[in-house]
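K.L.:
Dropping in upload23.csv, which is CSV, C-alpha atoms:
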chain,number,residue,atom,x,y,z
A,1,MET,CA,-2.6,22.7,-15.4
A,2,LYS,CA,-5.7,23.0,-13.4
A,3,ARG,CA,-8.4,20.4,-14.2
A,4,GLU,CA,-12.1,21.0,-13.6
A,5,LEU,CA,-13.8,18.2,-11.8
A,6,SER,CA,-16.1,16.5,-14.4
A,7,VAL,CA,-18.6,15.4,-11.8
A,8,PRO,CA,-20.8,18.2,-10.4
A,9,GLY,CA,-22.1,17.7,-6.8
A,10,ILE,CA,-21.7,14.4,-5.0
A,11,ALA,CA,-20.3,11.5,-7.1
A,12,TYR,CA,-22.2,8.2,-7.1
A,13,GLY,CA,-20.6,4.9,-7.9
A,14,GLY,CA,-18.1,2.3,-6.6
A,15,ASP,CA,-15.1,0.2,-7.5
A,16,TYR,CA,-15.1,-1.2,-11.0
A,17,ASN,CA,-12.8,-4.1,-11.8
A,18,PRO,CA,-13.5,-5.0,-15.5
A,19,GLU,CA,-10.2,-6.9,-15.8
A,20,GLN,CA,-11.8,-9.6,-13.8
A,21,TRP,CA,-14.4,-10.6,-16.4
A,22,PRO,CA,-14.6,-10.8,-20.3
A,23,GLU,CA,-14.3,-7.6,-22.3
A,24,GLU,CA,-17.5,-8.6,-24.1
A,25,VAL,CA,-19.6,-7.6,-21.1
A,26,TRP,CA,-18.1,-4.1,-20.6
A,27,ALA,CA,-20.6,-2.4,-22.9
A,28,GLU,CA,-23.4,-3.8,-20.9
A,29,ASP,CA,-21.6,-2.7,-17.7
A,30,MET,CA,-21.7,0.9,-19.1
A,31,ARG,CA,-25.4,0.7,-19.9
A,32,LEU,CA,-26.3,-0.6,-16.5
A,33,MET,CA,-24.2,2.0,-14.7
A,34,ARG,CA,-25.8,4.8,-16.7
A,35,GLU,CA,-29.2,3.3,-15.9
A,36,ALA,CA,-28.3,3.2,-12.2
A,37,GLY,CA,-27.2,6.9,-12.3
A,38,VAL,CA,-23.5,6.1,-11.7
A,39,THR,CA,-21.3,9.1,-12.3
A,40,MET,CA,-17.9,7.9,-11.1
A,41,VAL,CA,-16.1,4.6,-10.6
A,42,SER,CA,-12.7,3.7,-9.1
A,43,VAL,CA,-10.6,1.7,-11.6
A,44,GLY,CA,-7.1,0.0,-11.7
A,45,ILE,CA,-6.9,-0.7,-7.9
A,46,PHE,CA,-5.5,-4.2,-8.4
A,47,SER,CA,-4.3,-4.2,-11.9
A,48,TRP,CA,-0.5,-4.0,-11.4
A,49,ALA,CA,0.2,-7.5,-12.8
A,50,LEU,CA,-1.6,-6.6,-16.0
A,51,LEU,CA,-0.1,-3.2,-16.4
A,52,GLU,CA,3.5,-4.3,-15.8
A,53,PRO,CA,3.8,-8.0,-16.9
A,54,LYS,CA,7.5,-8.0,-16.2
A,55,GLU,CA,9.8,-5.5,-14.6
A,56,GLY,CA,10.0,-2.3,-16.7
A,57,ALA,CA,7.7,-3.6,-19.4
A,58,TYR,CA,4.3,-1.9,-19.4
A,59,ASP,CA,1.1,-2.7,-21.2
A,60,PHE,CA,-1.6,-0.1,-20.7
A,61,SER,CA,-3.9,-1.4,-23.5
A,62,LEU,CA,-6.6,-2.7,-21.1
A,63,LEU,CA,-6.7,0.5,-19.0
A,64,ASP,CA,-6.7,2.6,-22.2
A,65,LYS,CA,-9.8,0.8,-23.3
A,66,VAL,CA,-11.5,1.1,-19.9
A,67,LEU,CA,-10.9,4.8,-19.5
A,68,ASP,CA,-12.0,5.5,-23.1
A,69,LEU,CA,-15.1,3.5,-22.6
A,70,LEU,CA,-16.0,5.3,-19.4
A,71,HIS,CA,-15.4,8.7,-20.9
A,72,GLY,CA,-17.5,7.8,-23.9
A,73,HIS,CA,-20.4,7.0,-21.6
A,74,GLY,CA,-20.1,10.0,-19.5
A,75,ILE,CA,-18.7,8.2,-16.4
A,76,ALA,CA,-15.7,9.7,-14.6
A,77,ALA,CA,-12.8,7.7,-13.3
A,78,ASP,CA,-11.2,7.8,-9.9
A,79,LEU,CA,-7.9,6.2,-11.2
A,80,ALA,CA,-6.0,4.2,-8.7
A,81,THR,CA,-2.3,3.5,-8.3
A,82,PRO,CA,-2.2,-0.3,-8.3
A,83,THR,CA,0.3,-0.4,-5.5
A,84,ALA,CA,-1.7,-2.5,-3.0
A,85,ALA,CA,-1.0,-5.8,-4.9
A,86,PRO,CA,2.4,-6.3,-6.4
A,87,PRO,CA,2.7,-9.0,-9.1
A,88,ALA,CA,4.1,-12.5,-8.5
A,89,TRP,CA,7.2,-11.7,-10.6
A,90,PHE,CA,8.1,-8.9,-8.2
A,91,PHE,CA,8.2,-11.3,-5.2
A,92,LYS,CA,10.1,-13.9,-7.2
A,93,ALA,CA,12.8,-11.3,-7.7
A,94,HIS,CA,12.5,-9.7,-4.2
A,95,PRO,CA,11.4,-12.4,-1.7
A,96,GLU,CA,12.7,-10.1,1.0
A,97,ALA,CA,9.8,-7.7,0.3
A,98,LEU,CA,7.3,-10.2,1.7
A,99,PRO,CA,6.1,-9.4,5.2
A,100,VAL,CA,7.1,-11.4,8.3
A,101,ASP,CA,4.5,-12.1,11.0
A,102,LYS,CA,5.1,-11.7,14.7
A,103,ASP,CA,6.1,-15.4,15.0
A,104,GLY,CA,8.9,-14.9,12.5
A,105,ARG,CA,7.2,-16.6,9.5
A,106,ARG,CA,7.7,-14.9,6.2
A,107,LEU,CA,4.3,-14.9,4.4
A,108,SER,CA,3.8,-15.8,0.7
A,109,TYR,CA,2.3,-13.8,-2.1
A,110,GLY,CA,-1.1,-14.8,-3.5
A,111,SER,CA,-3.4,-12.1,-2.1
A,112,ARG,CA,-3.6,-8.4,-1.8
A,113,GLN,CA,-1.7,-6.3,0.7
A,114,THR,CA,1.0,-8.9,1.1
A,115,PHE,CA,4.2,-6.8,1.2
A,116,CYS,CA,6.5,-5.1,3.7
A,117,ALA,CA,5.8,-1.4,3.5
A,118,SER,CA,9.4,-0.7,4.7
A,119,SER,CA,11.0,-2.7,1.8
A,120,PRO,CA,13.2,-0.5,-0.4
A,121,ALA,CA,12.5,-2.8,-3.3
A,122,TYR,CA,8.8,-2.4,-2.9
A,123,ARG,CA,9.0,1.3,-2.6
A,124,GLU,CA,11.2,1.6,-5.7
A,125,ALA,CA,8.9,-0.6,-7.8
A,126,ALA,CA,5.7,1.2,-6.5
A,127,LEU,CA,7.2,4.6,-7.2
A,128,ARG,CA,8.2,3.5,-10.8
A,129,MET,CA,4.7,2.3,-11.4
A,130,VAL,CA,3.1,5.4,-10.0
A,131,GLY,CA,5.3,7.6,-12.2
A,132,GLU,CA,4.4,5.6,-15.4
A,133,ILE,CA,0.6,5.6,-14.8
A,134,SER,CA,0.5,9.3,-13.7
A,135,ARG,CA,2.4,10.5,-16.8
A,136,ARG,CA,0.3,8.5,-19.1
A,137,TYR,CA,-3.1,9.5,-17.7
A,138,ALA,CA,-2.6,12.9,-16.2
A,139,ASP,CA,-4.6,14.6,-18.9
A,140,HIS,CA,-7.0,11.8,-19.8
A,141,PRO,CA,-10.5,13.3,-20.0
A,142,ALA,CA,-12.1,10.5,-17.9
A,143,VAL,CA,-9.8,11.0,-14.9
A,144,ALA,CA,-11.4,13.2,-12.4
A,145,MET,CA,-9.6,12.0,-9.2
A,146,TRP,CA,-6.7,9.8,-8.1
A,147,HIS,CA,-7.2,6.9,-5.8
A,148,VAL,CA,-3.8,6.7,-4.0
A,149,HIS,CA,-3.0,3.1,-3.0
A,150,ASN,CA,-5.8,1.2,-1.3
A,151,GLU,CA,-6.6,0.6,2.4
A,152,TYR,CA,-3.4,1.6,4.0
A,153,GLY,CA,-2.6,-0.9,6.8
A,154,CYS,CA,-5.5,-3.2,5.9
A,155,HIS,CA,-3.8,-6.6,6.0
A,156,ASN,CA,-0.1,-5.6,6.4
A,157,ALA,CA,-0.2,-2.9,9.1
A,158,GLU,CA,2.6,-4.7,11.0
A,159,CYS,CA,5.7,-6.4,9.7
A,160,TYR,CA,8.3,-7.9,11.9
A,161,CYS,CA,11.2,-8.3,9.5
A,162,ASP,CA,14.6,-6.8,10.1
A,163,GLU,CA,14.0,-4.0,7.6
A,164,SER,CA,10.8,-3.0,9.5
A,165,ALA,CA,12.7,-3.2,12.8
A,166,ALA,CA,15.3,-0.8,11.4
A,167,ALA,CA,12.5,1.5,10.2
A,168,PHE,CA,10.9,1.3,13.6
A,169,ARG,CA,14.2,2.4,15.3
A,170,ARG,CA,14.6,5.3,12.9
A,171,TRP,CA,11.1,6.4,13.7
A,172,LEU,CA,11.7,6.1,17.4
A,173,ARG,CA,14.9,8.2,17.2
A,174,ALA,CA,13.1,10.9,15.5
A,175,ARG,CA,10.1,10.8,17.9
A,176,TYR,CA,12.3,10.9,21.0
A,177,GLU,CA,14.8,13.3,19.5
A,178,ASP,CA,17.6,10.8,19.7
A,179,ASP,CA,17.2,10.6,23.5
A,180,LEU,CA,17.2,7.0,24.5
A,181,ASP,CA,16.6,7.9,28.2
A,182,ALA,CA,13.5,9.7,27.2
A,183,LEU,CA,12.2,6.6,25.4
A,184,ASN,CA,13.0,4.5,28.4
A,185,ASP,CA,11.1,6.8,30.7
A,186,ALA,CA,8.1,7.1,28.4
A,187,TRP,CA,7.9,3.3,28.0
A,188,GLY,CA,8.5,2.5,31.7
A,189,THR,CA,11.3,0.1,30.8
A,190,ARG,CA,12.5,-0.2,34.4
A,191,PHE,CA,9.7,-2.7,34.7
A,192,TRP,CA,10.9,-6.3,34.3
A,193,SER,CA,14.5,-5.1,33.6
A,194,GLN,CA,13.8,-4.0,30.1
A,195,TRP,CA,15.9,-0.7,30.0
A,196,TYR,CA,17.6,-0.1,26.7
A,197,TYR,CA,21.2,1.1,26.5
A,198,ASP,CA,21.5,1.1,22.7
A,199,TRP,CA,18.9,1.8,20.0
A,200,ASP,CA,19.8,-1.4,18.2
A,201,GLU,CA,18.5,-3.4,21.2
A,202,ILE,CA,15.0,-2.3,20.3
A,203,LEU,CA,13.0,-4.8,18.2
A,204,PRO,CA,9.4,-4.9,17.1
A,205,PRO,CA,7.3,-6.6,19.8
A,206,ARG,CA,7.8,-10.2,18.8
A,207,PRO,CA,6.6,-13.1,21.0
A,208,THR,CA,8.2,-13.3,24.5
A,209,GLY,CA,7.8,-15.5,27.5
A,210,ALA,CA,5.3,-13.1,29.1
A,211,SER,CA,3.3,-10.1,28.1
A,212,PRO,CA,5.2,-7.2,26.5
A,213,ALA,CA,6.7,-4.9,29.0
A,214,GLY,CA,5.8,-1.2,29.3
A,215,GLY,CA,5.1,0.9,26.3
A,216,TRP,CA,6.9,-1.4,23.8
A,217,GLY,CA,3.7,-2.6,22.1
A,218,TRP,CA,2.0,0.8,22.1
A,219,GLY,CA,5.1,2.4,20.5
A,220,ARG,CA,4.9,-0.2,17.7
A,221,ARG,CA,1.2,0.5,17.1
A,222,ARG,CA,1.9,4.2,16.8
A,223,PHE,CA,4.7,3.5,14.3
A,224,SER,CA,2.4,1.2,12.2
Starting from the file, give its structure as structure tokens.

P.N.:
Amino acid sequence: MKRELSVPGIAYGGDYNPEQWPEEVWAEDMRLMREAGVTMVSVGIFSWALLEPKEGAYDFSLLDKVLDLLHGHGIAADLATPTAAPPAWFFKAHPEALPVDKDGRRLSYGSRQTFCASSPAYREAALRMVGEISRRYADHPAVAMWHVHNEYGCHNAECYCDESAAAFRRWLRARYEDDLDALNDAWGTRFWSQWYYDWDEILPPRPTGASPAGGWGWGRRRFS
């Protein structure tokens, strides 16, 4: 079904995170936004932990209230998928989904964007959440736009775990049409005796004794 954008012209507003303060002030938020001429706000960007308090158990009561309140005051919503910040319970169940830095240290949860984008467990959980939220709010009158994820590659553009290394190799095989000699020529791997004879020899550019040779680092940046 085609939806008409509820905000004519250029929208004016910003991110709105009411879950971070008491519900008692939300009505005043609405009044002040209307006074300031706000016509649209982004909501739900970092609300995953509240929307899915445990795996497969959803609680949309807070988001229901926020969207209804916005609609009642004539403010449209740019509704986010909350996939940029998985909950703590997810990482307790899937510690392998935490990113690994270039020195081989696995980072801990406790902030936004702290996940490995190549992790199958993360992708499955994110897809499940996106499915639930899109089915619930697809026809909500407040929703004028979808905010898909948030700041791709902001804090986790590069992960050096084995899963990311495998994804990197798959990407390289597609980019170079499964021609390892073509990759070696493009990267100049004759330099410092870094020629590859097997795809599995290629790793993300982890720390070495000297500067990375050839196009190794540039290839990784393009992948990221």

K.L.:
Applying 9 Å and only C-alpha atoms, which residues near region 169-172 of chain A remain after dropping the ones on its own chain fewer than 4 positions away? List them as a PyMOL selection string.

P.N.:
chain A and resi 164-165+176-178+183+199-200+202-204+219+223

K.L.:
Restricting the calculation to only C-alpha atoms: of A:Val41, A:Pro82, A:Glu124, A:Pro205, which residue gets closest to Trp218 (chain A)?

P.N.:
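Looking only at the distances to Trp218 (chain A), the closest residue turns out to be A:Pro205.
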
K.L.:
At a cut-off of 10 Å, using only C-alpha atoms, what residues contact Ala125 (chain A)? Leave out same-chain residues fewer than 3 positions from it and give the result as a PDB file with C-alpha atoms, in the coordinates of the input.

P.N.:
ATOM      1  CA  GLU A  55       9.800  -5.500 -14.600  1.00  0.00           C
ATOM      2  CA  GLY A  56      10.000  -2.300 -16.700  1.00  0.00           C
ATOM      3  CA  THR A  83       0.300  -0.400  -5.500  1.00  0.00           C
ATOM      4  CA  PRO A  86       2.400  -6.300  -6.400  1.00  0.00           C
ATOM      5  CA  PHE A  90       8.100  -8.900  -8.200  1.00  0.00           C
ATOM      6  CA  PRO A 120      13.200  -0.500  -0.400  1.00  0.00           C
ATOM      7  CA  ALA A 121      12.500  -2.800  -3.300  1.00  0.00           C
ATOM      8  CA  TYR A 122       8.800  -2.400  -2.900  1.00  0.00           C
ATOM      9  CA  ARG A 128       8.200   3.500 -10.800  1.00  0.00           C
ATOM     10  CA  MET A 129       4.700   2.300 -11.400  1.00  0.00           C
ATOM     11  CA  VAL A 130       3.100   5.400 -10.000  1.00  0.00           C
ATOM     12  CA  GLY A 131       5.300   7.600 -12.200  1.00  0.00           C
TER      13      GLY A 131
END

K.L.:
How many Å separate CA of Ser111 (chain A) from CA of Ala85 (chain A)?

P.N.:
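Separation between CA of Ser111 (chain A) and CA of Ala85 (chain A): 7.3 Å.
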
K.L.:
Skipping near chain neighbours, those fewer than 3 positions away, what residues fall within 12 Å of region 139-144 of chain A using only C-alpha atoms, listed as a PyMOL selection string?

P.N.:
chain A and resi 1-8+11+39-44+63-80+133-136+147

K.L.:
For Pro99 (chain A), which of A:His155, A:Arg123, A:Pro87, A:Trp146 is the closest residue, counting only C-alpha atoms?

P.N.:
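The answer is A:His155, which sits nearest to Pro99 (chain A).
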
K.L.:
Write out as a ChimeraX atom specification which residues come within 9 Å of Glu96 (chain A) when counting all atoms listed in the file, dropping same-chain ones fewer than 6 positions away.

P.N.:
/A:106,116,119,121,161
